[in-house]
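Below is one structure, written out as structure tokens; the observations come after it.
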Amino acid sequence: MTCSEKERNALLSFKHGLADPSNRLSSWSDKSDCCTWPGVHCNNTGQVMEINLDTPVGSPYRELSGEISPSLLGLKYLNHLDLSSNYFVLTPIPSFLGSLKSLRYLDLSLSGFMGLIPHQLGNLSNLQHLNLGYNYALQIDNLNWISRLSSLEYLDLSGSDLHKQGNWLQVLSALPSLSELHLESCQIDNLRPPKGKTNFTHLQVLDLSNNNLNQQIPSWLFNISKTLVQLDLHSNLLQGKIPQIISSLQNIKNLDLQNNQLSGPLPDSLGQLKHLEVLDLSNNTFTCPIPSPFANLSSLRTLNLAHNRLNGTIPKSFEFLKNLQVLNLGANSLTGDVPVTLGTLSNLVTLDLSSNLLEGSIKESNFVKLFTLKELRLSWTNLFLSVNSGWAPPFQLEYVLLSSFGIGPKFPEWLKRQSSVKVLTMSKAGIADLVPSWFWNWTLQIEFLDLSNNLLSGDLSSIFLNSSVINLSSNLFKGRLPSVSANVEVLNVANNSISGTISPFLCGKPNATNKLSVLDFSNNVLSGDLGHCWVHW
């Protein structure tokens with residue numbers, strides 16, 4: 001079935017009010033079936049049911065703007081309207097949208113709408129999904145209109161100012177079907193307990209991140225819903241200890257408390273959350289050893305405890321976290337050695353133990369089953385690598401951060417077998433060796449290279465460098481300045497024994513474009529003048 005002339009004309013009037021810089025709607029014409037138009041979906045009787053005109057991520061020049069025409073009221077069966085990620089800047093949300101009685105799905109997020117949210121949206125009694133998030137100029141004078149949306153399952157008001165709406169929790173808790181609530185960056189400054197019984201019986205996701213919550217985590221929050229699977233309170237001002245009653249979140253899978261001011265010991269009761277898959281407690285001030293019950297979190301995929309004041313040793317019992325993909329314990333005060341048992345975590349992708357007081361050797365056995373490891377961060381520890389010269393790692397790394405970590409005195413030959421590296425830092429790694437000839441061609445794939453503050457030697461005269469950031473400073477390199485590609489943005493070869501003149505480096509390609517913004521040749525034995533071509537840099 002083709003669409004009716006009435007509905008086609010309604011859509012054409014809607015198109016007429018829009019600015020369409022990339023001609024996304026060029027096929028919308030009065031000579032074609034509107035059910036075949038991009039962004040339009042009809043039912044099997046030719047009635048328009050859905051309009052999907054969101055702009056794909058990374059397509060800034062495809063954004064629609066202009067006015068939303070009331071001709072949409074002619075689409076009596078429209079149940080899905082998505083205009084997200086467009087450019088309706090300085091445009092109020094049209095109040096007539098509250099008359100689209102069949103709407104079940106409305107997404108106007110990330111589109112620059114401004115002004116008061118029209119209370120008429122409360123007339124959409126069939127609405128299940130409402131996303132007005134990240135329209136930072138939207139204003140809310142009250143929330144009573146939301147209480148009429150009895151079918152609502154998903155609500156996102158992120159970016160709207162709720163700091164004057166002291167009853168927000170009371171109003172929203174009256175929505176009997178609500179399963180997802182997103183209130184990120186809403187300037188909420190207090191979590192007051194709701195008065196009376198709440199209807200959050202189906203709530204699965206609660207996001208209150210990036211607000212101004214300046215208090216202890218209230219115990220009642222952990223009993224707000226038995227069905228909660230995701231609780232996000234990151235980037236607030238929460239203080240004090242995590243209550244032991246957090247174990248009430250028996251179905252929780254994702255718990256994010258990072259970037260707060262939480263302190264004290266970590267409660268053992270966290271180890272009772274057997275369904276937990278993501279636990280992020282980073283950037284707080286916890287002062288304690290890592291609780292041994294954490295080893296009971298067998299479903300855990302991500303554990304981030306970085307940037308705290310944790311002490312003690314890394315639990316050997318972490319070997320039981322067989323599903324772990326990300327382990328970040330960086331920037332703490334952990335002591336002792338690295339348990340060999342970590343090397344059995346065959347699903348691990350990221351391992352960060354940097355900036356701790358760890359000491360001892362890292363052997364091949366520490367990596368024996370890390371087949372999927374992509375990111376290794378061991379910088380700024382008292383650890384040192386102790387592997388055979390012919391060691392063939394079981395992984396292919398992308399990020400290798402081993403600064404202030406004992407690698408030397410020999411250059412690490414095992415790097416030759418790593419074909420996917422993007423970032424390599426081995427500053428202050430105790431390497432006192434001639435850089436092997438294979439290494440410079442190997443670095444052509446690398447985006448960030450830091451070998452500074454070692455005793456590396458070699459002639460740079462015939463070397464070609466391609467990384468965006470290159471730091472070879474404070475070594476024993478000699479010869480002429482190396483050749484660099486147009487991709488290089490930062491080149492630091494200070495404090496070496498590089499000789500010759502500067503002019504060939506600066507003037508060798510007078511018409512070439514380059515991205516160089518930082519260039520440090522200081523404390524070498526260069527000679528000659530800069531030449532007039534310096535003005536082109």
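By convention here, the chains of the structure tokens are called A, B, ... in the order presented, each chain's residues are numbered starting at 1, and ligands are numbered starting at 1 in the order presented.
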Exercise. Near Pro293 of chain A, within 9 Å and counting only C-alpha atoms, which residues show up once chain neighbours fewer than 5 positions away are dropped, as a ChimeraX atom specification?
Worked result: /A:268-272
Using only C-alpha atoms, which protein or nucleic acid residues come within 6 Å of Thr350 of chain A? Drop anything in the same chain fewer than 2 positions from it, and give the result as a CSV table (one decimal) with N, CA and C atoms, in the first residue's frame.
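Dumped to selection01.csv:
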chain,number,residue,atom,x,y,z
A,326,VAL,N,39.2,-5.4,32.1
A,326,VAL,CA,39.9,-4.2,32.4
A,326,VAL,C,40.2,-4.2,33.9
A,348,LEU,N,41.8,-10.6,29.8
A,348,LEU,CA,42.2,-9.3,30.1
A,348,LEU,C,42.7,-8.5,28.9
A,375,GLU,N,46.5,-3.3,26.2
A,375,GLU,CA,47.0,-2.1,26.9
A,375,GLU,C,47.8,-2.5,28.2
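Taking atom CA of Ser354 of chain A and atom CA of Lys322 of chain A as the two end points, the separation is 21.9 Å.
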For this session: Write out as a PyMOL selection string the residues lying within 9 Å of segment 335-345 of chain A, counting only C-alpha atoms and excluding same-chain residues fewer than 6 positions away.
Result: chain A and resi 311-325+353+356-371+383
Exercise. What's the 6 Å shell around segment 49-58 of chain A, counting only C-alpha atoms, without same-chain residues fewer than 6 positions away, as an NGL selection string?
Worked result: :A and (39-42 or 77-85)
Now that the selection is made, can you save its residues with C-alpha atoms as a compact mmCIF listing (two decimals), in the first residue's frame?
# COMPACT_ATOMS: atom_id res chain seq x y z
CA GLY A 39 13.50 8.32 7.40
CA VAL A 40 9.82 7.41 6.89
CA HIS A 41 8.27 4.07 7.84
CA CYS A 42 4.69 3.01 7.19
CA TYR A 77 -0.93 7.09 13.32
CA LEU A 78 2.53 8.53 13.97
CA ASN A 79 3.94 6.70 17.00
CA HIS A 80 7.69 7.32 16.61
CA LEU A 81 9.41 10.70 16.09
CA ASP A 82 13.19 11.02 16.26
CA LEU A 83 14.75 14.42 15.47
CA SER A 84 17.81 13.98 17.69
CA SER A 85 21.31 15.32 16.97
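Across A:Leu206, A:Val349, A:Val490, A:Leu376, the tightest approach to Phe405 of chain A is made by A:Leu376 when counting only C-alpha atoms.
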If we count only C-alpha atoms, what is near Asn23 of chain A at a cut-off of 10 Å, once residues fewer than 5 positions away on the same chain are taken out, given as a PDB file with N, CA and C atoms, in the first residue's frame?
ATOM      1  N   TRP A  28      12.165  13.352  -1.089  1.00  0.00           N
ATOM      2  CA  TRP A  28      10.805  13.620  -0.635  1.00  0.00           C
ATOM      3  C   TRP A  28      10.138  14.528  -1.673  1.00  0.00           C
ATOM      4  N   ARG A  62      25.230  17.349   8.060  1.00  0.00           N
ATOM      5  CA  ARG A  62      23.948  16.771   7.668  1.00  0.00           C
ATOM      6  C   ARG A  62      22.835  17.179   8.628  1.00  0.00           C
ATOM      7  N   LEU A  64      19.809  18.902  10.341  1.00  0.00           N
ATOM      8  CA  LEU A  64      18.635  19.674   9.946  1.00  0.00           C
ATOM      9  C   LEU A  64      18.442  20.833  10.915  1.00  0.00           C
TER      10      LEU A  64
END
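Residues of segment 190-331 of chain A that DSSP places in strand (DSSP E), based on the backbone of this structure, are Val205, Leu206, Asp207, Gln230, Leu231, Asp232, Gln239, Gly240, Asn254, Leu255, Asp256, Gln261, Leu262, Ser263, Gly264, Val278, Leu279, Asp280, Thr285, Phe286, Thr302, Leu303, Asn304, Val326, Leu327 and Asn328 of chain A.
Considering the residues A:Asn304, A:Gln165, A:Asn199, A:Ser292 and counting only C-alpha atoms, Leu255 of chain A has its shortest atom-to-atom contact with A:Asn304.
Remark: for Asp450 of chain A, the closest of the candidate residues A:Arg417, A:Lys422, A:Lys515, A:Arg104 is A:Lys422 (distances computed over only C-alpha atoms).
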